[in-house]
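Contents: one structure, followed by commentary.
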Amino acid sequence: MASKLEVEVDVKSSADKFWDCLRQSAILFPKIFPEIYKSIEIIEGDGMGVGNIRHIIYAEGVPMVTFAKEKIEVADEKNKTIAYSVIEGDIVNFYKNFKATLQVLSKGDGALVKWKGEFDKANDEVPEPTLLQQTAAKTFKDLDEYLLKT
């Protein structure tokens with residue numbers, strides 16, 4: 001049975017602006033967050049369609065992970081939702097069947113960003129992936145600050 005982690009972050013940026021930035025994350029995240037992302041390469045597709053694969057190389061100093069390959073399972077522009085599974089990389093050594101869903105909802109003048117991770121631990125000694133949860137929350141908050149300045 002899969003375990004779940006969730007993050008909800010209120011942001012001041014509009015849902016459309018925040019979603020547009022997420023759509024361009026392969027280009028923008030290594031520039032905005034060089035301390036986390038060394039590079040994000042689209043291996044298959046345009047990076048946002050179902051079946052597309054992204055190869056993420058994490059910056060030195062990011063704990064426990066050096067790279068990940070993500071496959072997009074759901075890409076719903078209308079509902080500003082994307083879901084992906086990690087198919088290769090350090091994360092699959094700890095968590096088998098790791099899947100995440102990200103949704104951006106309009107909320108007043110800003111937005112609500114929801115991230116949900118579902119996973120099965122590889123074994124009982126593996127810790128909960130709270131670092132991934134904390135990184136998601138920090139990324140959304142920092143991205144909002146970046147967007148408010150641009």
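Going through the structure tokens in order, the chains are called A, B, and so on, while each chain numbers its residues from 1 and the ligands are numbered from 1 in the order shown.
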Note to self: Show me, as a VMD selection string, the residues that have an atom within 12 Å of segment 22-36 of chain A when counting only C-alpha atoms, minus same-chain residues fewer than 5 positions from it.
What the structure shows: chain A and resid 15 to 17 41 to 43 46 to 49 53 to 63 65 to 67 70 75 to 77 80 to 82 102 to 104 113 132 135 to 136 138 to 147 150
Could you please take those selected residues and save N, CA and C atoms as a compact mmCIF listing (two decimals), in the first residue's frame?
```txt
# COMPACT_ATOMS: atom_id res chain seq x y z
N ALA A 15 -2.50 32.09 -10.79
CA ALA A 15 -2.41 30.68 -11.18
C ALA A 15 -1.84 30.55 -12.58
N ASP A 16 -2.27 31.41 -13.51
CA ASP A 16 -1.77 31.34 -14.89
C ASP A 16 -0.27 31.59 -14.96
N LYS A 17 0.19 32.62 -14.27
CA LYS A 17 1.62 32.96 -14.29
C LYS A 17 2.46 31.85 -13.65
N GLU A 41 17.03 18.26 -18.64
CA GLU A 41 17.03 18.01 -20.09
C GLU A 41 15.78 17.23 -20.47
N ILE A 42 15.12 17.69 -21.52
CA ILE A 42 13.96 16.97 -22.06
C ILE A 42 14.52 15.88 -22.97
N ILE A 43 14.26 14.63 -22.61
CA ILE A 43 14.77 13.50 -23.40
C ILE A 43 13.78 13.09 -24.47
N ASP A 46 8.18 17.46 -25.55
CA ASP A 46 8.39 18.88 -25.28
C ASP A 46 8.54 19.18 -23.80
N GLY A 47 8.47 18.15 -22.97
CA GLY A 47 8.64 18.33 -21.53
C GLY A 47 7.35 18.46 -20.74
N MET A 48 6.22 18.58 -21.42
CA MET A 48 4.96 18.75 -20.70
C MET A 48 3.86 17.80 -21.14
N GLY A 49 4.09 16.98 -22.15
CA GLY A 49 3.04 16.07 -22.63
C GLY A 49 3.15 14.69 -22.01
N ILE A 53 9.71 12.53 -21.16
CA ILE A 53 10.67 12.16 -20.12
C ILE A 53 11.68 13.30 -19.94
N ARG A 54 11.91 13.63 -18.66
CA ARG A 54 12.89 14.65 -18.29
C ARG A 54 14.00 14.02 -17.48
N HIS A 55 15.23 14.45 -17.74
CA HIS A 55 16.41 13.99 -17.00
C HIS A 55 16.90 15.17 -16.16
N ILE A 56 16.83 15.01 -14.85
CA ILE A 56 17.21 16.08 -13.93
C ILE A 56 18.54 15.72 -13.27
N ILE A 57 19.49 16.63 -13.35
CA ILE A 57 20.75 16.46 -12.64
C ILE A 57 20.75 17.50 -11.52
N TYR A 58 20.88 17.00 -10.29
CA TYR A 58 20.83 17.88 -9.12
C TYR A 58 22.21 18.47 -8.84
N ALA A 59 22.22 19.64 -8.25
CA ALA A 59 23.46 20.33 -7.91
C ALA A 59 24.19 19.58 -6.81
N GLU A 60 25.50 19.77 -6.79
CA GLU A 60 26.30 19.19 -5.71
C GLU A 60 25.79 19.74 -4.39
N GLY A 61 25.73 18.89 -3.40
CA GLY A 61 25.26 19.33 -2.09
C GLY A 61 23.80 19.01 -1.82
N VAL A 62 23.04 18.61 -2.87
CA VAL A 62 21.66 18.20 -2.64
C VAL A 62 21.73 16.80 -2.00
N PRO A 63 21.14 16.62 -0.82
CA PRO A 63 21.28 15.34 -0.12
C PRO A 63 20.59 14.18 -0.84
N VAL A 65 20.43 12.59 -3.54
CA VAL A 65 20.13 12.40 -4.96
C VAL A 65 21.14 13.12 -5.84
N THR A 66 21.47 12.49 -6.96
CA THR A 66 22.32 13.13 -7.95
C THR A 66 21.56 13.35 -9.26
N PHE A 67 20.64 12.41 -9.58
CA PHE A 67 19.85 12.58 -10.79
C PHE A 67 18.54 11.83 -10.67
N GLU A 70 12.14 11.50 -14.94
CA GLU A 70 10.71 11.55 -14.66
C GLU A 70 9.93 11.35 -15.95
N ALA A 75 -1.03 15.25 -18.09
CA ALA A 75 -0.77 16.64 -18.44
C ALA A 75 -2.10 17.27 -18.80
N ASP A 76 -2.67 18.01 -17.85
CA ASP A 76 -4.00 18.58 -18.01
C ASP A 76 -3.90 20.10 -17.94
N GLU A 77 -3.80 20.72 -19.10
CA GLU A 77 -3.66 22.18 -19.18
C GLU A 77 -4.85 22.90 -18.57
N LYS A 80 -4.65 22.75 -14.96
CA LYS A 80 -3.30 23.09 -14.49
C LYS A 80 -2.75 21.99 -13.57
N THR A 81 -2.77 20.78 -14.11
CA THR A 81 -2.33 19.60 -13.34
C THR A 81 -1.33 18.79 -14.16
N ILE A 82 -0.29 18.36 -13.48
CA ILE A 82 0.68 17.46 -14.10
C ILE A 82 1.03 16.38 -13.07
N LEU A 102 1.08 17.56 -9.28
CA LEU A 102 1.18 18.98 -9.00
C LEU A 102 0.01 19.67 -9.66
N GLN A 103 -0.69 20.51 -8.87
CA GLN A 103 -1.83 21.24 -9.40
C GLN A 103 -1.77 22.69 -8.91
N VAL A 104 -2.13 23.60 -9.80
CA VAL A 104 -2.18 25.03 -9.47
C VAL A 104 -3.62 25.49 -9.61
N VAL A 113 -0.98 26.12 -4.64
CA VAL A 113 -0.19 25.10 -5.31
C VAL A 113 -0.24 23.84 -4.45
N LEU A 132 11.91 15.60 0.22
CA LEU A 132 11.25 15.93 -1.04
C LEU A 132 10.06 16.86 -0.79
N THR A 135 11.46 20.29 0.07
CA THR A 135 12.02 20.91 -1.13
C THR A 135 10.90 21.44 -2.02
N ALA A 136 9.82 20.68 -2.17
CA ALA A 136 8.68 21.14 -2.97
C ALA A 136 8.11 22.43 -2.39
N LYS A 138 9.51 24.67 -0.39
CA LYS A 138 10.48 25.77 -0.53
C LYS A 138 10.55 26.24 -1.98
N THR A 139 10.53 25.31 -2.92
CA THR A 139 10.59 25.68 -4.34
C THR A 139 9.39 26.54 -4.73
N PHE A 140 8.21 26.16 -4.29
CA PHE A 140 7.01 26.93 -4.64
C PHE A 140 7.06 28.33 -4.04
N LYS A 141 7.49 28.44 -2.78
CA LYS A 141 7.59 29.74 -2.14
C LYS A 141 8.64 30.62 -2.82
N ASP A 142 9.80 30.03 -3.11
CA ASP A 142 10.87 30.78 -3.75
C ASP A 142 10.50 31.16 -5.19
N LEU A 143 9.81 30.27 -5.89
CA LEU A 143 9.36 30.58 -7.25
C LEU A 143 8.38 31.75 -7.22
N ASP A 144 7.50 31.76 -6.25
CA ASP A 144 6.55 32.86 -6.12
C ASP A 144 7.30 34.17 -5.92
N GLU A 145 8.30 34.17 -5.03
CA GLU A 145 9.10 35.39 -4.80
C GLU A 145 9.78 35.85 -6.09
N TYR A 146 10.32 34.90 -6.84
CA TYR A 146 10.98 35.22 -8.12
C TYR A 146 9.97 35.85 -9.08
N LEU A 147 8.78 35.24 -9.21
CA LEU A 147 7.77 35.74 -10.14
C LEU A 147 7.27 37.13 -9.74
N THR A 150 9.59 39.72 -11.16
CA THR A 150 9.76 39.84 -12.61
C THR A 150 8.56 40.47 -13.27
```
| task | List every residue of chain A that DSSP, applied to the backbone of this structure, places in alpha helix (DSSP H), and write the result as an NGL selection string. | result | :A and (15-23 or 25-32 or 91-94 or 130-149)
Compile the contact shell of Gly51 of chain A as a short mmCIF file (atom, residue, chain, number, x, y, z; two decimals) with all heavy atoms, in the first residue's frame: residues with an atom at most 7 Å away, counting only C-alpha atoms, same-chain residues fewer than 5 positions apart removed.
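Output saved as out-v8.cif:
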```cif
data_model
loop_
_atom_site.label_atom_id
_atom_site.label_comp_id
_atom_site.auth_asym_id
_atom_site.auth_seq_id
_atom_site.Cartn_x
_atom_site.Cartn_y
_atom_site.Cartn_z
N LYS A 71 8.87 10.56 -15.84
CA LYS A 71 7.98 10.35 -16.99
C LYS A 71 6.63 10.97 -16.66
O LYS A 71 6.05 10.69 -15.61
CB LYS A 71 7.81 8.86 -17.27
CG LYS A 71 6.93 8.59 -18.48
CD LYS A 71 6.88 7.11 -18.79
CE LYS A 71 6.05 6.87 -20.05
NZ LYS A 71 6.01 5.44 -20.37
N ILE A 72 6.14 11.82 -17.56
CA ILE A 72 4.86 12.48 -17.34
C ILE A 72 3.72 11.52 -17.62
O ILE A 72 3.65 10.92 -18.69
CB ILE A 72 4.76 13.76 -18.20
CG1 ILE A 72 5.84 14.73 -17.75
CG2 ILE A 72 3.36 14.38 -18.08
CD1 ILE A 72 5.96 15.99 -18.60
N GLU A 73 2.86 11.37 -16.63
CA GLU A 73 1.72 10.45 -16.71
C GLU A 73 0.42 11.19 -17.03
O GLU A 73 -0.47 10.65 -17.66
CB GLU A 73 1.55 9.69 -15.39
CG GLU A 73 2.80 8.99 -14.89
CD GLU A 73 3.17 7.76 -15.70
OE1 GLU A 73 2.32 7.23 -16.41
OE2 GLU A 73 4.34 7.34 -15.61
#
```
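Distance check against Trp19 of chain A using only C-alpha atoms: of A:Leu131, A:Asp109, A:Lys78, A:Lys116, the minimum falls on A:Lys78.
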| query | as a VMD selection string, which residues of chain A does DSSP assign to strand (DSSP E)? | reply | chain A and resid 3 to 11 37 to 44 53 to 58 67 to 76 81 to 89 95 to 107 110 to 121
